[in-house]
Amino acid sequence: MAYGLLKGKRGIISGALDENSIAWKVALKASEEGATFTLTNAPVAMRLGAIKELAEATKAEIIPADATVVEDIENLFQKSTEVLGGKVDFILHSIGMSPNIRKGKPYGDLNYDWYQKSLDISALSLHKFLQVAEKQDAINEWGSVVALSYIAAQRTYPFYTDMADAKAMLESIARSYGYRYGKLKNVRVNTVSQSPTKTTAGSGIGGFNSFYDFADKMSPLGNASAEDCASYIITLFSDLTRMVTMQNLYHDGGYSSTGISEEVIELLNK
């Protein structure tokens with residue numbers, strides 16, 4: 001059911017790779033709720049994904065951009081405001097990748113060039129988005145920026161290695177720029193810490209399936225789906241959450257507040 005929460009709003013949605021992506025589901029729901037937006041992803045990711053299908057379904061224009069290259073981001077905002085007919089009201093930052101994880105490097109044997117790449121892609125790209133948007137005055141007053149994070153920014157998950165550091169930096173940038181942009185233009189900036197989700201990116205992490213099952217048993221409501229996460233993000237783009245900013249918001253079925261569950265105790269007693 002659509003509620004018209006984003007009627008008349010314009011935005012930019014990054015990171016939609018395929019139908020399993022949270023960003024993909026956000027785009028579909030944003031369209032249902034009345035928004036118009038552009039889609040963006042790195043050129044290499046676009047070749048691997050099916051973003052053209054999403055663009056057709058939502059009547060959105062695709063603007064390729066490498067999120068680590070400032071010139072690409074400048075072009076993204078310039079073209080988006082032209083295509084959409086004005087400044088944007090919302091941005092989804094759904095960008096993250098670790099070459100060290102992809103190559104199976106443990107935390108005590110990181111390739112530091114790859115480590116810096118992880119930080120650049122997964123965290124600094126948010127700062128670049130916000131800095132470019134500020135300089136171009138590309139976000140309307142009371143706009144909303146949401147970036148996807150993960151609880152490994154606060155707690156240690158051995159398999160998450162340098163992405164944990166990247167997510168911690170991402171959340172810090174959201175707070176720091178959230179203060180700045182709030183004072184400047186009443187723009188709010190938040191991160192959403194989602195349950196383990198069976199996306200292309202998530203499934204590429206070693207031990208993911210075992211941890212997915214563990215988190216599901218730990219969470220009183222079970223793991224939050226990508227679909228439900230998309231619905232939550234839509235509320236953060238809407239005017240219903242105008243006073244929410246600089247927050248890391250857990251969308252995880254209660255996992256982050258649970259010490260241990262009965263289901264996990266039963267498993268340990270077997």
# chains A, B, ... in the order shown; residues from 1 in each chain; ligands from 1

call {"tool": "select_by_dssp", "arguments": {"residues": "region 19-231 of chain A", "states": "strand (DSSP E)", "output": "ChimeraX atom specification"}}
result
/A:36-40,61-62,88-93,139-149,188-194

call {"tool": "residues_around", "arguments": {"residues": "Thr36 (chain A)", "least_positions_apart": "4", "cutoff": "9 Å", "atoms": "only C-alpha atoms", "output": "list in words"}}
result
Leu6, Lys7, Gly8, Lys9, Arg10, Gly11, Ile12, Ala30, Ser31, Thr58, Lys59, Ala60 and Leu84 of chain A

call {"tool": "write_last_selection", "arguments": {"atoms": "N, CA and C atoms", "output": "PDB file, in the first residue's frame"}}
result
ATOM      1  N   LEU A   6       6.309  10.442  -0.389  1.00  0.00           N
ATOM      2  CA  LEU A   6       7.365  11.177  -1.098  1.00  0.00           C
ATOM      3  C   LEU A   6       6.826  11.915  -2.316  1.00  0.00           C
ATOM      4  N   LYS A   7       5.557  12.193  -2.320  1.00  0.00           N
ATOM      5  CA  LYS A   7       4.944  12.874  -3.461  1.00  0.00           C
ATOM      6  C   LYS A   7       5.624  14.217  -3.713  1.00  0.00           C
ATOM      7  N   GLY A   8       6.100  14.425  -4.937  1.00  0.00           N
ATOM      8  CA  GLY A   8       6.745  15.673  -5.308  1.00  0.00           C
ATOM      9  C   GLY A   8       8.210  15.775  -4.921  1.00  0.00           C
ATOM     10  N   LYS A   9       8.744  14.755  -4.260  1.00  0.00           N
ATOM     11  CA  LYS A   9      10.148  14.803  -3.839  1.00  0.00           C
ATOM     12  C   LYS A   9      11.060  14.221  -4.917  1.00  0.00           C
ATOM     13  N   ARG A  10      12.289  14.740  -4.930  1.00  0.00           N
ATOM     14  CA  ARG A  10      13.306  14.316  -5.904  1.00  0.00           C
ATOM     15  C   ARG A  10      14.513  13.754  -5.161  1.00  0.00           C
ATOM     16  N   GLY A  11      15.182  12.776  -5.776  1.00  0.00           N
ATOM     17  CA  GLY A  11      16.315  12.204  -5.064  1.00  0.00           C
ATOM     18  C   GLY A  11      17.342  11.526  -5.945  1.00  0.00           C
ATOM     19  N   ILE A  12      18.374  11.007  -5.279  1.00  0.00           N
ATOM     20  CA  ILE A  12      19.433  10.228  -5.924  1.00  0.00           C
ATOM     21  C   ILE A  12      19.573   8.933  -5.132  1.00  0.00           C
ATOM     22  N   ALA A  30      10.238   4.113  -3.362  1.00  0.00           N
ATOM     23  CA  ALA A  30      10.247   5.567  -3.537  1.00  0.00           C
ATOM     24  C   ALA A  30       9.364   5.961  -4.720  1.00  0.00           C
ATOM     25  N   SER A  31       9.451   5.177  -5.776  1.00  0.00           N
ATOM     26  CA  SER A  31       8.608   5.428  -6.953  1.00  0.00           C
ATOM     27  C   SER A  31       7.128   5.261  -6.600  1.00  0.00           C
ATOM     28  N   THR A  58      11.030   2.262 -12.917  1.00  0.00           N
ATOM     29  CA  THR A  58      10.784   3.460 -12.099  1.00  0.00           C
ATOM     30  C   THR A  58      10.856   4.756 -12.903  1.00  0.00           C
ATOM     31  N   LYS A  59      11.075   4.609 -14.201  1.00  0.00           N
ATOM     32  CA  LYS A  59      11.196   5.780 -15.089  1.00  0.00           C
ATOM     33  C   LYS A  59      12.297   6.734 -14.605  1.00  0.00           C
ATOM     34  N   ALA A  60      13.405   6.136 -14.202  1.00  0.00           N
ATOM     35  CA  ALA A  60      14.533   6.919 -13.680  1.00  0.00           C
ATOM     36  C   ALA A  60      15.678   6.932 -14.675  1.00  0.00           C
ATOM     37  N   LEU A  84      15.950  16.187 -13.022  1.00  0.00           N
ATOM     38  CA  LEU A  84      14.805  16.182 -12.118  1.00  0.00           C
ATOM     39  C   LEU A  84      14.097  17.533 -12.044  1.00  0.00           C
TER      40      LEU A  84
END

call {"tool": "closest_residue", "arguments": {"among": "A:Asp252, A:Asp18, A:Asp239, A:Asp109", "to": "Leu54 (chain A)", "atoms": "only C-alpha atoms"}}
result
A:Asp18

call {"tool": "closest_residue", "arguments": {"among": "A:Ile139, A:Leu48, A:Tyr160, A:Glu19", "to": "Gly207 (chain A)", "atoms": "only C-alpha atoms"}}
result
A:Tyr160

call {"tool": "closest_residue", "arguments": {"among": "A:Ile173, A:Ile22, A:Ala133, A:Val192", "to": "Tyr150 (chain A)", "atoms": "only C-alpha atoms"}}
result
A:Val192

call {"tool": "closest_residue", "arguments": {"among": "A:Trp142, A:Phe129, A:Tyr181, A:Tyr115", "to": "Asp165 (chain A)", "atoms": "only C-alpha atoms"}}
result
A:Tyr115

call {"tool": "select_by_dssp", "arguments": {"residues": "region 12-215 of chain A", "states": "helix (DSSP H, G or I)", "output": "VMD selection string"}}
result
chain A and resid 22 to 32 43 to 48 51 to 58 70 to 84 99 to 102 107 to 109 112 to 136 151 to 153 158 to 185 200 to 203 208 to 215
